[in-house]
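Each remark here refers to the structure printed beneath this line.
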Amino acid sequence: MSAPVVRTVLGDVAATELGRVDAHDHLFLRSPALPGEELDDAAAAQAELAEFARLGGGTLVQWTPYGLGRGAVDLPRLSRDAGVHIVAATGLHQARHYPPGVVEALAGPALAELFVRELTEGIVPGVRAGMIKVAGAYHGLDAHARWTMRAAAEAHHASGATIGVHLEHGSSGPEVASLLCDELGVAPTSVILGHLNRFPDDRALRELAATGCFLGFEGPSRAHHATDWRLFDALASLIDAGRTDQLLLGGDTVVASGRATTGEGPGAPYLPRVLWPRLRREFGADAEVAITITNAASAVANAQGRGELRDKPLEPMVPQ
Ligand SMILES: [Zn+2]
């Protein structure tokens, strides 16, 4: 079995090389749903990434899908300059994030073909996506969600790429797991259920963990998120339930004002500055290394060869 690799914007790297990972964030994002808050400034992205690196960040996984201004042309230079691995995404968000006509143009088999092309050939020449991002609806899966998830599963089977799911307000995790894993045959270890911090119901989270999917907690970079204060209780509940190896943590900076260096939010640097040291303090070094390094590497590694990852010793690096 070959060693697991992660597909970054500068090419494939061994999954053991990622360092500490911000498992869900955005350097570039442009949506009609967030007017005036576009992340479209390469210099601002560069500043944020440099600060993330200075504090000990090793990899940033950008969950910005097709058509939302991913900055694919800029990402390789940003990655090189900051010394931070960047994983870009293909995939499709909810329809409300696109101008009229964009989603309609991808009807039928075109969507899965687009995903596969961006994963294997490139978003732009030489810059390939390393994961597939799709989205659910609130407390259910609408036709758009089912269509995009079917295309994502098809692209996963063709490429081995992980599927990251935006759960609307953290809801519908069981429905997503059932569709992707039970119905469409995607291994739960290739699925990240994101935004669980927005629905911090401990009992529901423990039940969801039984699906075997990775559990993504994001949102602490968004000052307006009322559930931020539940993050560590939710993590503690899952760690107590023996689910440490499924936990992921990301910043999910989606608005320009949420950046640390050019905005007034905590941004991606909030992870190395506050959250990672706190994980270590509250849950111990093993749990912190699992959440920030091992789980993240495993979650975004191509499905082929992933089995070896946990057997490799990972250098623990103490964040500042
Ligand atoms: Zn996001």
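Ligands are numbered from 1 in the order shown, residues from 1 within each chain, and chains are lettered A, B, ... in the order they appear in the structure tokens.
Those residues that approach Gly170 in chain A to within 7 Å, counting only C-alpha atoms, are His195, Leu196, Asn197, Arg198 and Phe199 of chain A; same-chain residues fewer than 4 positions away are not listed.
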Just to be explicit: take each residue in the selection above, keep all heavy atoms, and write the result as a PDB file, in the first residue's frame.
```
ATOM      1  N   HIS A 195     -19.233  22.187  10.454  1.00  0.00           N
ATOM      2  CA  HIS A 195     -20.088  23.178  11.130  1.00  0.00           C
ATOM      3  C   HIS A 195     -20.865  22.601  12.298  1.00  0.00           C
ATOM      4  O   HIS A 195     -21.926  23.114  12.650  1.00  0.00           O
ATOM      5  CB  HIS A 195     -21.080  23.841  10.156  1.00  0.00           C
ATOM      6  CG  HIS A 195     -20.409  24.675   9.116  1.00  0.00           C
ATOM      7  ND1 HIS A 195     -19.314  25.453   9.378  1.00  0.00           N
ATOM      8  CD2 HIS A 195     -20.665  24.856   7.798  1.00  0.00           C
ATOM      9  CE1 HIS A 195     -18.932  26.060   8.277  1.00  0.00           C
ATOM     10  NE2 HIS A 195     -19.721  25.708   7.297  1.00  0.00           N
ATOM     11  N   LEU A 196     -20.361  21.546  12.898  1.00  0.00           N
ATOM     12  CA  LEU A 196     -21.093  20.952  14.026  1.00  0.00           C
ATOM     13  C   LEU A 196     -21.118  21.879  15.235  1.00  0.00           C
ATOM     14  O   LEU A 196     -21.970  21.740  16.110  1.00  0.00           O
ATOM     15  CB  LEU A 196     -20.482  19.595  14.384  1.00  0.00           C
ATOM     16  CG  LEU A 196     -20.689  18.560  13.267  1.00  0.00           C
ATOM     17  CD1 LEU A 196     -19.938  17.279  13.583  1.00  0.00           C
ATOM     18  CD2 LEU A 196     -22.170  18.281  13.070  1.00  0.00           C
ATOM     19  N   ASN A 197     -20.188  22.830  15.249  1.00  0.00           N
ATOM     20  CA  ASN A 197     -20.185  23.783  16.352  1.00  0.00           C
ATOM     21  C   ASN A 197     -21.449  24.638  16.372  1.00  0.00           C
ATOM     22  O   ASN A 197     -21.785  25.243  17.386  1.00  0.00           O
ATOM     23  CB  ASN A 197     -18.950  24.690  16.241  1.00  0.00           C
ATOM     24  CG  ASN A 197     -18.683  25.444  17.522  1.00  0.00           C
ATOM     25  OD1 ASN A 197     -18.819  24.877  18.604  1.00  0.00           O
ATOM     26  ND2 ASN A 197     -18.315  26.699  17.412  1.00  0.00           N
ATOM     27  N   ARG A 198     -22.152  24.669  15.247  1.00  0.00           N
ATOM     28  CA  ARG A 198     -23.364  25.503  15.169  1.00  0.00           C
ATOM     29  C   ARG A 198     -24.600  24.776  15.704  1.00  0.00           C
ATOM     30  O   ARG A 198     -25.686  25.345  15.739  1.00  0.00           O
ATOM     31  CB  ARG A 198     -23.617  25.932  13.722  1.00  0.00           C
ATOM     32  CG  ARG A 198     -22.464  26.728  13.148  1.00  0.00           C
ATOM     33  CD  ARG A 198     -22.755  27.159  11.728  1.00  0.00           C
ATOM     34  NE  ARG A 198     -21.568  27.727  11.100  1.00  0.00           N
ATOM     35  CZ  ARG A 198     -21.523  28.158   9.846  1.00  0.00           C
ATOM     36  NH1 ARG A 198     -22.604  28.083   9.092  1.00  0.00           N
ATOM     37  NH2 ARG A 198     -20.409  28.662   9.342  1.00  0.00           N
ATOM     38  N   PHE A 199     -24.441  23.509  16.048  1.00  0.00           N
ATOM     39  CA  PHE A 199     -25.568  22.747  16.594  1.00  0.00           C
ATOM     40  C   PHE A 199     -25.038  21.891  17.737  1.00  0.00           C
ATOM     41  O   PHE A 199     -24.973  20.667  17.656  1.00  0.00           O
ATOM     42  CB  PHE A 199     -26.189  21.861  15.505  1.00  0.00           C
ATOM     43  CG  PHE A 199     -27.611  21.456  15.787  1.00  0.00           C
ATOM     44  CD1 PHE A 199     -28.671  22.226  15.331  1.00  0.00           C
ATOM     45  CD2 PHE A 199     -27.890  20.303  16.530  1.00  0.00           C
ATOM     46  CE1 PHE A 199     -29.985  21.856  15.598  1.00  0.00           C
ATOM     47  CE2 PHE A 199     -29.207  19.927  16.799  1.00  0.00           C
ATOM     48  CZ  PHE A 199     -30.249  20.707  16.330  1.00  0.00           C
TER      49      PHE A 199
END
```
Near-ligand residues for ligand 1, threshold 10 Å, only C-alpha atoms and all ligand atoms, as a PyMOL selection string: chain A and resi 23-26+29+61-65+93+133+164-167+194-195+218-219+250-254
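Of the residues listed (A:Pro277, A:Pro174, A:Pro99, A:Pro200), A:Pro174 shows the shortest atom-to-atom separation from Gly212 in chain A; distances use only C-alpha atoms.
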- Could you pull the residues within 10 Å of range 230-235 of chain A, counting only C-alpha atoms, minus those fewer than 2 positions along the same chain, as a VMD selection string? chain A and resid 196 to 203 205 to 206 215 217 to 220 226 to 228 237 to 241 243 to 244 247 to 249 275 278 to 279 282 to 283
Can you check which residues of range 49-200 of chain A DSSP gives as alpha helix (DSSP H) on the backbone and send them as a ChimeraX atom specification?
/A:49-54,75-82,110-120,143-159,173-177
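If only C-alpha atoms are the atoms counted, then among A:Ala3, A:Ala287, A:Ala72, A:Leu60 the closest residue to Ala42 in chain A is A:Ala72.
Note that DSSP on the backbone gives strand (DSSP E) to these residues of range 127-271 of chain A: A:Met131, A:Ile132, A:Lys133, A:Val134, A:Ala135, A:Thr162, A:Ile163, A:Gly164, A:Val165, A:His166, A:Val191, A:Ile192, A:Leu193, A:Gly194, A:Phe214, A:Leu215, A:Gly216, A:Phe217, A:Leu247, A:Leu248, A:Leu249.
Omitting range 113-115 of chain A and its sequence neighbours fewer than 6 positions away, and counting only C-alpha atoms, the residues within 7 Å are A:Thr90, A:Gly91, A:Ala155.
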Keeping C-alpha atoms for every residue in the selection just given, could you write it to a file as a short mmCIF file (atom, residue, chain, number, x, y, z; two decimals), in the first residue's frame?
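Wrote part15.cif, looks like this:
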```cif
data_model
loop_
_atom_site.label_atom_id
_atom_site.label_comp_id
_atom_site.auth_asym_id
_atom_site.auth_seq_id
_atom_site.Cartn_x
_atom_site.Cartn_y
_atom_site.Cartn_z
CA THR A 90 -13.73 21.73 -5.88
CA GLY A 91 -17.43 21.14 -5.21
CA ALA A 155 -15.93 12.18 -8.03
#
```
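Residue nearest Gly267 in chain A within the list A:Val255, A:Val127, A:Val21, A:Leu55: A:Val255 [criterion: smallest interatomic distance, only C-alpha atoms].
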Find the residues near Phe52 in chain A: any atom within 9 Å, counting only C-alpha atoms, skip ones fewer than 5 places away on the same chain, and give them as a JSON list (two decimals) with N, CA, C and O atoms, in the first residue's frame.
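Below is the file that was written, out09.json:
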```
[["chain", "number", "residue", "atom", "x", "y", "z"],
["A", 47, "ALA", "N", -1.11, 38.26, 4.24],
["A", 47, "ALA", "CA", -0.82, 38.72, 5.60],
["A", 47, "ALA", "C", -1.39, 37.73, 6.63],
["A", 47, "ALA", "O", -0.74, 37.39, 7.62],
["A", 57, "GLY", "N", 1.24, 27.52, 12.39],
["A", 57, "GLY", "CA", 0.34, 26.83, 11.46],
["A", 57, "GLY", "C", 1.10, 26.21, 10.31],
["A", 57, "GLY", "O", 2.01, 26.83, 9.75],
["A", 58, "GLY", "N", 0.75, 24.99, 9.95],
["A", 58, "GLY", "CA", 1.46, 24.29, 8.88],
["A", 58, "GLY", "C", 0.67, 24.11, 7.59],
["A", 58, "GLY", "O", 1.23, 24.08, 6.50],
["A", 82, "ALA", "N", 4.48, 31.86, 2.24],
["A", 82, "ALA", "CA", 4.23, 31.70, 3.69],
["A", 82, "ALA", "C", 4.82, 30.40, 4.23],
["A", 82, "ALA", "O", 4.96, 30.24, 5.45],
["A", 84, "VAL", "N", 3.29, 27.57, 3.99],
["A", 84, "VAL", "CA", 2.11, 26.87, 4.51],
["A", 84, "VAL", "C", 1.50, 26.04, 3.37],
["A", 84, "VAL", "O", 1.29, 26.56, 2.28],
["A", 267, "GLY", "N", -9.75, 35.42, 13.00],
["A", 267, "GLY", "CA", -9.15, 34.85, 11.79],
["A", 267, "GLY", "C", -8.47, 33.51, 12.01],
["A", 267, "GLY", "O", -8.55, 32.90, 13.08],
["A", 268, "ALA", "N", -7.78, 33.06, 10.98],
["A", 268, "ALA", "CA", -7.06, 31.79, 11.06],
["A", 268, "ALA", "C", -5.99, 31.78, 12.16],
["A", 268, "ALA", "O", -5.77, 30.74, 12.80],
["A", 269, "PRO", "N", -5.31, 32.90, 12.43],
["A", 269, "PRO", "CA", -4.29, 32.89, 13.49],
["A", 269, "PRO", "C", -4.84, 32.58, 14.89],
["A", 269, "PRO", "O", -4.07, 32.26, 15.81],
["A", 270, "TYR", "N", -6.16, 32.66, 15.04],
["A", 270, "TYR", "CA", -6.77, 32.36, 16.34],
["A", 270, "TYR", "C", -6.54, 30.89, 16.73],
["A", 270, "TYR", "O", -6.48, 30.56, 17.92],
["A", 271, "LEU", "N", -6.40, 30.04, 15.72],
["A", 271, "LEU", "CA", -6.18, 28.62, 16.05],
["A", 271, "LEU", "C", -4.83, 28.42, 16.74],
["A", 271, "LEU", "O", -4.78, 27.91, 17.86],
["A", 272, "PRO", "N", -3.69, 28.79, 16.08],
["A", 272, "PRO", "CA", -2.41, 28.62, 16.77],
["A", 272, "PRO", "C", -2.25, 29.52, 18.00],
["A", 272, "PRO", "O", -1.58, 29.15, 18.97],
["A", 273, "ARG", "N", -2.89, 30.67, 17.97],
["A", 273, "ARG", "CA", -2.69, 31.62, 19.08],
["A", 273, "ARG", "C", -3.45, 31.19, 20.33],
["A", 273, "ARG", "O", -2.94, 31.29, 21.45]]
```
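With distances restricted to only C-alpha atoms, A:Leu10 is the closest residue to Gly83 in chain A from A:Ile123, A:Gly108, A:Leu10, A:Pro35.
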CA of Leu39 in chain A sits from CA of Gly265 in chain A at a separation of 13.5 Å
